[in-house]
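With compact mmCIF, C-alpha atoms (C1' of nucleotides) inside, this is final.txt:
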```txt
# COMPACT_ATOMS: atom_id res chain seq x y z
CA MET E 230 108.96 143.73 99.10
CA GLN E 231 105.19 143.74 98.67
CA SER E 232 103.65 145.23 95.58
CA ASP E 233 100.16 146.08 96.76
CA HIS E 234 99.92 149.66 97.83
CA LEU E 235 98.65 149.16 101.35
CA SER E 236 101.44 146.70 102.17
CA LEU E 237 103.94 149.11 100.73
CA THR E 238 102.60 151.91 102.88
CA PHE E 239 102.42 149.86 106.07
CA SER E 240 105.94 148.53 105.65
CA ALA E 241 107.27 152.03 104.97
CA LEU E 242 105.64 153.14 108.22
CA ALA E 243 106.98 150.17 110.16
CA ASP E 244 110.38 151.80 110.68
CA PRO E 245 110.78 154.40 113.45
CA THR E 246 113.46 156.31 111.54
CA ARG E 247 111.12 156.69 108.58
CA ARG E 248 108.27 157.83 110.82
CA ALA E 249 110.60 160.39 112.40
CA ILE E 250 111.50 161.61 108.91
CA LEU E 251 107.81 162.05 108.08
CA GLN E 252 107.29 163.94 111.30
CA ARG E 253 110.14 166.28 110.47
CA LEU E 254 108.71 166.78 106.98
CA SER E 255 105.30 167.62 108.39
CA GLN E 256 106.92 170.93 109.40
CA GLY E 257 108.13 171.62 105.89
CA GLN E 258 110.45 170.34 103.20
CA ALA E 259 114.05 169.48 103.98
CA SER E 260 117.26 168.42 102.30
CA VAL E 261 118.80 164.99 102.79
CA GLY E 262 121.53 166.53 104.92
CA GLU E 263 118.99 168.23 107.18
CA LEU E 264 117.12 164.97 107.51
CA THR E 265 120.30 163.08 108.36
CA ALA E 266 121.52 165.43 111.08
CA PRO E 267 119.21 164.32 113.92
CA PHE E 268 120.07 160.64 113.49
CA ALA E 269 123.07 158.58 114.43
CA ILE E 270 123.15 156.86 111.06
CA SER E 271 124.93 157.67 107.81
CA MET E 272 123.56 159.74 104.96
CA PRO E 273 123.45 156.77 102.58
CA ALA E 274 121.21 155.00 105.08
CA ILE E 275 118.87 157.99 105.18
CA SER E 276 118.97 158.16 101.40
CA ARG E 277 117.71 154.57 101.27
CA HIS E 278 114.95 155.33 103.76
CA LEU E 279 113.90 158.20 101.53
CA LYS E 280 113.80 155.87 98.57
CA VAL E 281 111.46 153.56 100.49
CA LEU E 282 109.23 156.49 101.45
CA GLU E 283 109.24 157.78 97.89
CA HIS E 284 108.38 154.34 96.53
CA ALA E 285 105.43 154.24 98.93
CA GLY E 286 104.39 157.67 97.66
CA LEU E 287 104.82 159.22 101.11
CA VAL E 288 107.35 161.81 99.97
CA VAL E 289 108.07 163.60 96.74
CA ARG E 290 111.41 164.93 95.60
CA SER E 291 112.56 167.81 93.47
CA ARG E 292 115.84 169.37 92.54
CA ASN E 293 117.37 172.65 93.56
CA ALA E 294 121.02 172.94 92.50
CA GLN E 295 122.87 170.15 94.27
CA TRP E 296 120.09 169.69 96.78
CA ARG E 297 117.24 167.20 96.43
CA PRO E 298 114.55 168.67 98.68
CA VAL E 299 112.15 166.15 100.16
CA GLN E 300 108.52 166.99 100.73
CA LEU E 301 105.80 165.12 102.62
CA ASN E 302 102.93 163.62 100.66
CA ALA E 303 100.41 162.35 103.17
CA THR E 304 97.75 161.17 100.71
CA PRO E 305 98.60 157.46 101.08
CA LEU E 306 97.72 157.84 104.75
CA ALA E 307 94.10 158.42 103.76
CA GLU E 308 94.06 154.84 102.50
CA VAL E 309 95.54 153.63 105.77
CA VAL E 310 92.93 155.45 107.82
CA HIS E 311 90.21 154.04 105.62
CA TRP E 312 91.46 150.50 106.13
CA VAL E 313 91.88 150.88 109.89
CA GLU E 314 88.54 152.63 110.35
CA SER E 315 86.74 149.51 109.20
CA TYR E 316 87.86 147.94 112.49
CA ARG E 317 86.76 150.83 114.67
CA ARG E 318 83.68 149.10 116.04
CA HIS E 319 85.89 146.24 117.17
CA TRP E 320 88.28 148.29 119.24
CA GLU E 321 85.52 150.52 120.56
CA GLY E 322 83.61 147.40 121.52
CA ALA E 323 86.69 146.15 123.33
CA PHE E 324 87.11 149.42 125.22
CA GLU E 325 83.47 149.38 126.23
CA ARG E 326 83.78 145.83 127.50
CA MET E 327 86.87 146.90 129.44
CA ASP E 328 84.99 149.87 130.90
CA ALA E 329 82.10 147.64 131.90
CA TYR E 330 84.55 145.21 133.46
CA LEU E 331 86.30 147.95 135.43
CA ALA E 332 82.95 149.34 136.55
CA GLU E 333 81.96 145.85 137.66
CA LEU E 334 85.24 145.48 139.55
CA GLN E 335 84.72 148.79 141.31
CA LYS E 336 81.17 147.88 142.18
CA GLY E 337 82.37 144.58 143.63
CA ASP E 338 85.02 146.54 145.54
CA SER E 339 82.59 148.90 147.19
CA ASP E 340 80.25 145.99 147.91
CA ALA E 341 83.10 144.31 149.71
CA LYS E 342 83.82 147.42 151.75
CA GLN E 343 80.27 147.75 152.96
CA MET Y 289 112.22 142.96 114.60
CA GLN Y 290 111.31 146.34 116.05
CA SER Y 291 110.49 146.62 119.71
CA ASP Y 292 108.41 149.80 119.80
CA HIS Y 293 104.75 149.02 119.66
CA LEU Y 294 103.80 151.13 116.67
CA SER Y 295 106.54 149.59 114.52
CA LEU Y 296 105.43 146.16 115.63
CA THR Y 297 101.84 146.92 114.66
CA PHE Y 298 102.70 148.48 111.31
CA SER Y 299 104.96 145.62 110.33
CA ALA Y 300 102.34 143.08 111.33
CA LEU Y 301 99.89 144.91 109.08
CA ALA Y 302 102.35 145.10 106.19
CA ASP Y 303 101.57 141.57 105.05
CA PRO Y 304 98.45 140.94 102.94
CA THR Y 305 97.98 137.42 104.32
CA ARG Y 306 97.95 138.79 107.85
CA ARG Y 307 95.47 141.51 106.91
CA ALA Y 308 93.26 138.86 105.33
CA ILE Y 309 93.45 136.85 108.54
CA LEU Y 310 92.34 139.90 110.53
CA GLN Y 311 89.46 140.45 108.15
CA ARG Y 312 88.34 136.85 108.58
CA LEU Y 313 88.59 137.24 112.35
CA SER Y 314 86.47 140.39 112.28
CA GLN Y 315 83.58 138.01 111.59
CA GLY Y 316 84.36 135.90 114.64
CA GLN Y 317 86.98 133.61 116.13
CA ALA Y 318 88.46 130.77 114.14
CA SER Y 319 90.79 127.81 114.50
CA VAL Y 320 94.17 127.69 112.81
CA GLY Y 321 92.81 125.12 110.37
CA GLU Y 322 89.91 127.36 109.41
CA LEU Y 323 92.29 130.25 108.92
CA THR Y 324 94.58 128.16 106.75
CA ALA Y 325 91.89 126.83 104.40
CA PRO Y 326 91.40 129.96 102.23
CA PHE Y 327 95.12 130.30 101.52
CA ALA Y 328 97.50 128.45 99.26
CA ILE Y 329 100.12 128.24 102.00
CA SER Y 330 100.86 125.63 104.63
CA MET Y 331 99.54 125.56 108.16
CA PRO Y 332 102.99 126.15 109.71
CA ALA Y 333 103.21 129.34 107.67
CA ILE Y 334 99.82 130.50 108.98
CA SER Y 335 100.89 129.52 112.48
CA ARG Y 336 103.87 131.84 112.14
CA HIS Y 337 101.68 134.66 110.86
CA LEU Y 338 99.49 134.17 113.89
CA LYS Y 339 102.52 134.41 116.12
CA VAL Y 340 103.41 137.75 114.55
CA LEU Y 341 99.85 139.02 115.00
CA GLU Y 342 99.79 137.78 118.57
CA HIS Y 343 103.12 139.42 119.32
CA ALA Y 344 101.69 142.69 117.98
CA GLY Y 345 98.67 142.20 120.25
CA LEU Y 346 96.30 142.05 117.28
CA VAL Y 347 94.96 138.63 118.14
CA VAL Y 348 94.50 136.65 121.33
CA ARG Y 349 94.50 132.89 121.65
CA SER Y 350 92.85 130.41 123.92
CA ARG Y 351 92.56 126.67 124.14
CA ASN Y 352 89.64 124.40 123.51
CA ALA Y 353 90.64 120.72 123.52
CA GLN Y 354 93.17 120.34 120.70
CA TRP Y 355 92.08 123.58 119.05
CA ARG Y 356 93.71 126.95 119.65
CA PRO Y 357 90.99 129.43 118.70
CA VAL Y 358 92.18 132.81 117.49
CA GLN Y 359 90.30 135.98 118.24
CA LEU Y 360 90.70 139.50 116.91
CA ASN Y 361 91.92 142.20 119.25
CA ALA Y 362 91.65 145.50 117.41
CA THR Y 363 92.79 147.76 120.24
CA PRO Y 364 96.30 148.32 118.80
CA LEU Y 365 94.58 149.82 115.77
CA ALA Y 366 93.40 152.71 117.91
CA GLU Y 367 97.04 153.67 118.30
CA VAL Y 368 97.54 153.45 114.54
CA VAL Y 369 94.56 155.69 113.85
CA HIS Y 370 95.81 158.14 116.42
CA TRP Y 371 99.22 158.32 114.75
CA VAL Y 372 97.83 158.64 111.24
CA GLU Y 373 95.22 161.22 112.21
CA SER Y 374 97.95 163.65 113.15
CA TYR Y 375 98.68 163.89 109.42
CA ARG Y 376 95.07 164.40 108.37
CA ARG Y 377 95.42 168.11 107.67
CA HIS Y 378 98.26 167.30 105.31
CA TRP Y 379 96.41 164.89 103.10
CA GLU Y 380 93.22 166.93 103.22
CA GLY Y 381 95.24 169.96 102.21
CA ALA Y 382 96.63 167.97 99.30
CA PHE Y 383 93.18 166.87 98.19
CA GLU Y 384 91.91 170.43 98.34
CA ARG Y 385 94.79 171.63 96.22
CA MET Y 386 94.01 168.83 93.77
CA ASP Y 387 90.34 169.87 93.68
CA ALA Y 388 91.26 173.48 93.10
CA TYR Y 389 93.60 172.41 90.35
CA LEU Y 390 90.95 170.30 88.65
CA ALA Y 391 88.41 173.12 88.95
CA GLU Y 392 90.94 175.45 87.38
CA LEU Y 393 91.53 172.99 84.55
CA GLN Y 394 87.80 172.68 83.90
CA LYS Y 395 87.37 176.44 83.94
CA GLY Y 396 90.14 176.78 81.39
CA ASP Y 397 88.42 174.09 79.34
CA SER Y 398 85.07 175.86 79.13
CA ASP Y 399 86.79 179.19 78.44
CA ALA Y 400 88.46 177.56 75.48
CA LYS Y 401 85.16 176.24 74.17
CA GLN Y 402 83.47 179.66 74.20
C1' DT K 136 98.63 102.20 125.56
C1' DT K 137 97.77 103.27 120.89
C1' DG K 138 95.97 105.95 117.37
C1' DT K 139 93.96 110.32 115.52
C1' DT K 140 93.60 115.14 115.01
C1' DA K 141 95.19 120.01 115.59
C1' DT K 142 98.89 122.75 116.06
C1' DT K 143 103.69 124.11 116.85
C1' DT K 144 108.66 123.66 116.46
C1' DA K 145 112.97 122.49 113.95
C1' DA K 146 115.85 122.79 110.13
C1' DC K 147 116.58 124.55 105.97
C1' DA K 148 116.57 127.81 101.67
C1' DG K 149 115.96 132.14 99.16
C1' DG K 150 114.94 136.80 99.28
C1' DT K 151 114.76 141.22 101.54
C1' DA K 152 115.96 144.97 104.98
C1' DC K 153 119.21 147.94 107.02
C1' DG K 154 123.54 149.40 108.26
C1' DT K 155 128.49 150.40 106.96
C1' DT K 156 132.50 152.55 103.99
C1' DA K 157 134.30 153.83 99.53
C1' DA K 158 133.50 155.33 94.99
C1' DA K 159 130.58 157.68 91.61
C1' DT K 160 127.46 161.30 90.08
C1' DG K 161 125.48 166.00 89.52
C1' DC K 162 125.69 170.76 90.02
C1' DA K 163 127.86 175.31 91.05
C1' DG K 164 131.80 178.47 91.37
C1' DT K 165 136.57 179.92 89.95
C1' DA R 128 139.06 172.10 83.48
C1' DC R 129 139.31 171.87 88.49
C1' DT R 130 137.48 172.00 93.09
C1' DG R 131 134.01 171.51 96.50
C1' DC R 132 129.60 170.20 98.19
C1' DA R 133 125.26 167.25 98.31
C1' DT R 134 123.61 163.12 97.29
C1' DT R 135 123.36 158.47 95.33
C1' DT R 136 125.17 154.00 94.03
C1' DA R 137 128.11 149.95 94.76
C1' DA R 138 129.74 146.32 97.45
C1' DC R 139 129.53 144.08 101.40
C1' DG R 140 127.95 141.86 106.06
C1' DT R 141 124.48 140.52 109.16
C1' DA R 142 120.13 139.68 110.49
C1' DC R 143 115.31 138.93 109.63
C1' DC R 144 111.12 137.34 106.90
C1' DT R 145 108.46 133.87 104.74
C1' DG R 146 107.88 129.75 102.85
C1' DT R 147 108.76 124.54 102.72
C1' DT R 148 108.78 119.58 104.73
C1' DA R 149 109.49 116.54 108.58
C1' DA R 150 109.34 115.80 113.38
C1' DA R 151 107.54 116.98 117.96
C1' DT R 152 103.81 118.15 121.15
C1' DA R 153 99.08 118.31 123.15
C1' DA R 154 94.58 116.71 123.81
C1' DC R 155 91.10 113.47 122.91
C1' DA R 156 89.10 108.72 122.05
C1' DA R 157 89.11 103.79 121.98
```
Written form, structure tokens:
Amino acid sequence: MQSDHLSLTFSALADPTRRAILQRLSQGQASVGELTAPFAISMPAISRHLKVLEHAGLVVRSRNAQWRPVQLNATPLAEVVHWVESYRRHWEGAFERMDAYLAELQKGDSDAKQ
Amino acid sequence: MQSDHLSLTFSALADPTRRAILQRLSQGQASVGELTAPFAISMPAISRHLKVLEHAGLVVRSRNAQWRPVQLNATPLAEVVHWVESYRRHWEGAFERMDAYLAELQKGDSDAKQ
DNA sequence: TTGTTATTTAACAGGTACGTTAAATGCAGT
DNA sequence: ACTGCATTTAACGTACCTGTTAAATAACAA
């Protein structure tokens, strides 16, 4: 496992089950049982996923009797957005080039038809 | 390895060597040898990292004599930003609560001093 | 053809990820 | 203390990740 924070966050997000858990939590806190229900995997497996998310700082846990409610903490995602945003000009550049290319294609098309 | 695109992208980004490669490529295309130089790992290892990045669509490769130039393709990052942005209100909410908390602390502080 | 350079593939090792089932823990109620 | 419920930990298997070195491949140059 990586120790730098960004790697930790990205690898936590790299699993679709964990992203689904975050999505569920974006609607409010939930118990481990509630989080397990929608999936076809065992509760221990979900418990491990929660440990990964907690270690990445993406969820926080508390205690309420025998329940361990899980709550979303989205703050590490700000770091992700910051990192990704530094590449924005590159993907926007690529989209523009694609647009120009498609426009050129279309132009060539209508030229051909005339 | 995950097959859904977002998982593929996130796990490609979860490695600091691969992120460093992307950063280098944001300044222009490079050969495998050039990409290997700054790191303390072997060229086959870099070659494998490039395969992962290519599989995630984050780089594209071409051929020029015996060189295989690598070029950044940032378009998959648009998908990442889109996913992460849907959580923006959550982390901004958290920051606001933190600000309010700090303001409250400071207020309590100056009250105490008077 | 032969040699040189750039890169990839093969074969291997060690560590990590993710799932399972069974046992342990923690808390509440009787 | 005993029972029941929610959750975690333990033990295990399988597969994947990341690195290594040595061999294979591809393109050029003589």
Contacts of DA137 in chain R at 10 Å (all atoms listed in the file; same-chain gap of 3+ positions) as a compact mmCIF listing (two decimals) with C-alpha atoms (C1' of nucleotides), in the frame of the given file:
```txt
# COMPACT_ATOMS: atom_id res chain seq x y z
C1' DA K 157 134.30 153.83 99.53
C1' DA K 158 133.50 155.33 94.99
C1' DA K 159 130.58 157.68 91.61
```
Next item on the list: Would you kindly report the residues of chain K within 9 Å of chain E, using all atoms listed in the file, as number ranges by chain?
Entry: K: 151, 153-155, 161-163
Residues of chain R at most 8 Å from chain Y: nearest atom pair and distance in Å, all atoms listed in the file, as a tab-separated table:
```
residue	atom	partner	partner_atom	distance
R:DC143	C1'	Y:Met289	CA	7.1
R:DT145	C1'	Y:Ala333	CA	7.5
R:DG146	C1'	Y:Ala333	CA	6.7
R:DA153	C1'	Y:Gln354	CA	6.7
R:DA154	C1'	Y:Gln354	CA	5.0
R:DC155	C1'	Y:Ala353	CA	7.3
```
With a cut-off of 9 Å, could you pull out the residues of chain E touching chain Y and give me the nearest pair of atoms for each, distance in Å to one decimal, using only C-alpha atoms, ordered by chain and ascending number, as a tab-separated table?
```
residue	atom	partner	partner_atom	distance
E:Gln231	CA	Y:Asp303	CA	7.6
E:Asp233	CA	Y:Pro304	CA	8.2
E:Leu235	CA	Y:Ala302	CA	7.3
E:Ser236	CA	Y:Ala302	CA	4.4
E:Leu237	CA	Y:Ala302	CA	7.0
E:Thr238	CA	Y:Ala302	CA	7.6
E:Phe239	CA	Y:Ala302	CA	4.8
E:Ser240	CA	Y:Ala302	CA	5.0
E:Ala241	CA	Y:Phe298	CA	8.6
E:Leu242	CA	Y:Phe298	CA	6.3
E:Ala243	CA	Y:Ser295	CA	4.4
E:Asp244	CA	Y:Ser295	CA	5.9
E:Pro245	CA	Y:Ser295	CA	6.5
E:Gln252	CA	Y:Tyr375	CA	8.8
E:Ser255	CA	Y:Tyr375	CA	7.7
E:Leu301	CA	Y:His378	CA	8.3
E:Asn302	CA	Y:Trp379	CA	7.1
E:Ala303	CA	Y:Trp379	CA	4.7
E:Thr304	CA	Y:Trp379	CA	4.6
E:Pro305	CA	Y:Trp379	CA	8.0
E:Leu306	CA	Y:Val372	CA	6.5
E:Ala307	CA	Y:Trp379	CA	6.9
E:Val309	CA	Y:Val372	CA	7.8
E:Val310	CA	Y:Val369	CA	6.3
E:Val313	CA	Y:Leu365	CA	6.6
E:Glu314	CA	Y:Val369	CA	7.6
E:Tyr316	CA	Y:Ala362	CA	6.7
E:Arg317	CA	Y:Ala366	CA	7.6
E:Arg318	CA	Y:Ala362	CA	8.9
E:His319	CA	Y:Ala362	CA	5.8
E:Trp320	CA	Y:Thr363	CA	4.6
E:Glu321	CA	Y:Thr363	CA	7.8
E:Ala323	CA	Y:Thr363	CA	7.0
E:Phe324	CA	Y:Thr363	CA	7.7
```
Just write the chosen residues, C-alpha atoms, as a PDB file, keeping the file's coordinate frame.
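Here's the written file selection20.pdb:
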```pdb
ATOM      1  CA  GLN E 231     105.190 143.740  98.670  1.00  0.00           C
ATOM      2  CA  ASP E 233     100.160 146.080  96.760  1.00  0.00           C
ATOM      3  CA  LEU E 235      98.650 149.160 101.350  1.00  0.00           C
ATOM      4  CA  SER E 236     101.440 146.700 102.170  1.00  0.00           C
ATOM      5  CA  LEU E 237     103.940 149.110 100.730  1.00  0.00           C
ATOM      6  CA  THR E 238     102.600 151.910 102.880  1.00  0.00           C
ATOM      7  CA  PHE E 239     102.420 149.860 106.070  1.00  0.00           C
ATOM      8  CA  SER E 240     105.940 148.530 105.650  1.00  0.00           C
ATOM      9  CA  ALA E 241     107.270 152.030 104.970  1.00  0.00           C
ATOM     10  CA  LEU E 242     105.640 153.140 108.220  1.00  0.00           C
ATOM     11  CA  ALA E 243     106.980 150.170 110.160  1.00  0.00           C
ATOM     12  CA  ASP E 244     110.380 151.800 110.680  1.00  0.00           C
ATOM     13  CA  PRO E 245     110.780 154.400 113.450  1.00  0.00           C
ATOM     14  CA  GLN E 252     107.290 163.940 111.300  1.00  0.00           C
ATOM     15  CA  SER E 255     105.300 167.620 108.390  1.00  0.00           C
ATOM     16  CA  LEU E 301     105.800 165.120 102.620  1.00  0.00           C
ATOM     17  CA  ASN E 302     102.930 163.620 100.660  1.00  0.00           C
ATOM     18  CA  ALA E 303     100.410 162.350 103.170  1.00  0.00           C
ATOM     19  CA  THR E 304      97.750 161.170 100.710  1.00  0.00           C
ATOM     20  CA  PRO E 305      98.600 157.460 101.080  1.00  0.00           C
ATOM     21  CA  LEU E 306      97.720 157.840 104.750  1.00  0.00           C
ATOM     22  CA  ALA E 307      94.100 158.420 103.760  1.00  0.00           C
ATOM     23  CA  VAL E 309      95.540 153.630 105.770  1.00  0.00           C
ATOM     24  CA  VAL E 310      92.930 155.450 107.820  1.00  0.00           C
ATOM     25  CA  VAL E 313      91.880 150.880 109.890  1.00  0.00           C
ATOM     26  CA  GLU E 314      88.540 152.630 110.350  1.00  0.00           C
ATOM     27  CA  TYR E 316      87.860 147.940 112.490  1.00  0.00           C
ATOM     28  CA  ARG E 317      86.760 150.830 114.670  1.00  0.00           C
ATOM     29  CA  ARG E 318      83.680 149.100 116.040  1.00  0.00           C
ATOM     30  CA  HIS E 319      85.890 146.240 117.170  1.00  0.00           C
ATOM     31  CA  TRP E 320      88.280 148.290 119.240  1.00  0.00           C
ATOM     32  CA  GLU E 321      85.520 150.520 120.560  1.00  0.00           C
ATOM     33  CA  ALA E 323      86.690 146.150 123.330  1.00  0.00           C
ATOM     34  CA  PHE E 324      87.110 149.420 125.220  1.00  0.00           C
TER      35      PHE E 324
END
```
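Proximity to DC132 in chain R was assessed for E:Ser291, E:Ile275, E:Gly262, E:Ala249 counting only C-alpha atoms (C1' of nucleotides); the smallest distance is recorded for E:Gly262.
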Notebook entry, point to check: Any idea what the distance is between C1' of DC147 in chain K and CA of Thr305 in chain Y?
Noted result: 22.7 Å
Check: Quick one: distance from CA of Ser276 in chain E to CA of Val299 in chain E in Å, one decimal?
Finding: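 So the two atoms, CA of Ser276 in chain E and CA of Val299 in chain E, lie 10.6 Å apart.
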Checklist line | Interatomic distance, CA of Ala318 in chain Y to CA of Gln359 in chain Y (Å, one decimal) | finding: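 That distance, rounded to one decimal, is 6.9 Å.
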Repaired coordinates for range 264-277 of chain E (N, CA, C and O atoms) as a PDB file, in the coordinates of the input:
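As written to disk, selection35.pdb reads:
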```
ATOM      1  N   LEU E 264     117.839 166.122 106.971  1.00  0.00           N
ATOM      2  CA  LEU E 264     117.120 164.970 107.510  1.00  0.00           C
ATOM      3  C   LEU E 264     118.073 163.994 108.203  1.00  0.00           C
ATOM      4  O   LEU E 264     117.676 163.265 109.109  1.00  0.00           O
ATOM      5  N   THR E 265     119.327 164.003 107.766  1.00  0.00           N
ATOM      6  CA  THR E 265     120.300 163.080 108.360  1.00  0.00           C
ATOM      7  C   THR E 265     120.756 163.542 109.745  1.00  0.00           C
ATOM      8  O   THR E 265     120.915 162.727 110.664  1.00  0.00           O
ATOM      9  N   ALA E 266     120.924 164.854 109.873  1.00  0.00           N
ATOM     10  CA  ALA E 266     121.520 165.430 111.080  1.00  0.00           C
ATOM     11  C   ALA E 266     121.009 164.851 112.410  1.00  0.00           C
ATOM     12  O   ALA E 266     121.822 164.482 113.258  1.00  0.00           O
ATOM     13  N   PRO E 267     119.678 164.752 112.592  1.00  0.00           N
ATOM     14  CA  PRO E 267     119.210 164.320 113.920  1.00  0.00           C
ATOM     15  C   PRO E 267     119.486 162.866 114.239  1.00  0.00           C
ATOM     16  O   PRO E 267     119.291 162.442 115.385  1.00  0.00           O
ATOM     17  N   PHE E 268     119.937 162.075 113.261  1.00  0.00           N
ATOM     18  CA  PHE E 268     120.070 160.640 113.490  1.00  0.00           C
ATOM     19  C   PHE E 268     121.526 160.220 113.618  1.00  0.00           C
ATOM     20  O   PHE E 268     122.420 160.891 113.129  1.00  0.00           O
ATOM     21  N   ALA E 269     121.723 159.100 114.229  1.00  0.00           N
ATOM     22  CA  ALA E 269     123.070 158.580 114.430  1.00  0.00           C
ATOM     23  C   ALA E 269     123.443 157.616 113.306  1.00  0.00           C
ATOM     24  O   ALA E 269     124.320 156.778 113.469  1.00  0.00           O
ATOM     25  N   ILE E 270     122.799 157.744 112.165  1.00  0.00           N
ATOM     26  CA  ILE E 270     123.150 156.860 111.060  1.00  0.00           C
ATOM     27  C   ILE E 270     123.629 157.676 109.864  1.00  0.00           C
ATOM     28  O   ILE E 270     123.421 158.893 109.804  1.00  0.00           O
ATOM     29  N   SER E 271     124.271 157.001 108.931  1.00  0.00           N
ATOM     30  CA  SER E 271     124.930 157.670 107.810  1.00  0.00           C
ATOM     31  C   SER E 271     123.935 158.246 106.808  1.00  0.00           C
ATOM     32  O   SER E 271     122.780 157.840 106.759  1.00  0.00           O
ATOM     33  N   MET E 272     124.408 159.162 105.994  1.00  0.00           N
ATOM     34  CA  MET E 272     123.560 159.740 104.960  1.00  0.00           C
ATOM     35  C   MET E 272     123.098 158.710 103.933  1.00  0.00           C
ATOM     36  O   MET E 272     121.928 158.739 103.539  1.00  0.00           O
ATOM     37  N   PRO E 273     123.969 157.796 103.500  1.00  0.00           N
ATOM     38  CA  PRO E 273     123.450 156.770 102.580  1.00  0.00           C
ATOM     39  C   PRO E 273     122.275 155.984 103.169  1.00  0.00           C
ATOM     40  O   PRO E 273     121.343 155.642 102.427  1.00  0.00           O
ATOM     41  N   ALA E 274     122.326 155.731 104.464  1.00  0.00           N
ATOM     42  CA  ALA E 274     121.210 155.000 105.080  1.00  0.00           C
ATOM     43  C   ALA E 274     119.923 155.816 104.995  1.00  0.00           C
ATOM     44  O   ALA E 274     118.862 155.292 104.656  1.00  0.00           O
ATOM     45  N   ILE E 275     120.050 157.126 105.279  1.00  0.00           N
ATOM     46  CA  ILE E 275     118.870 157.990 105.180  1.00  0.00           C
ATOM     47  C   ILE E 275     118.384 158.052 103.732  1.00  0.00           C
ATOM     48  O   ILE E 275     117.178 158.013 103.460  1.00  0.00           O
ATOM     49  N   SER E 276     119.325 158.112 102.812  1.00  0.00           N
ATOM     50  CA  SER E 276     118.970 158.160 101.400  1.00  0.00           C
ATOM     51  C   SER E 276     118.123 156.944 101.003  1.00  0.00           C
ATOM     52  O   SER E 276     117.151 157.060 100.259  1.00  0.00           O
ATOM     53  N   ARG E 277     118.507 155.781 101.543  1.00  0.00           N
ATOM     54  CA  ARG E 277     117.710 154.570 101.270  1.00  0.00           C
ATOM     55  C   ARG E 277     116.330 154.654 101.897  1.00  0.00           C
ATOM     56  O   ARG E 277     115.339 154.260 101.287  1.00  0.00           O
TER      57      ARG E 277
END
```
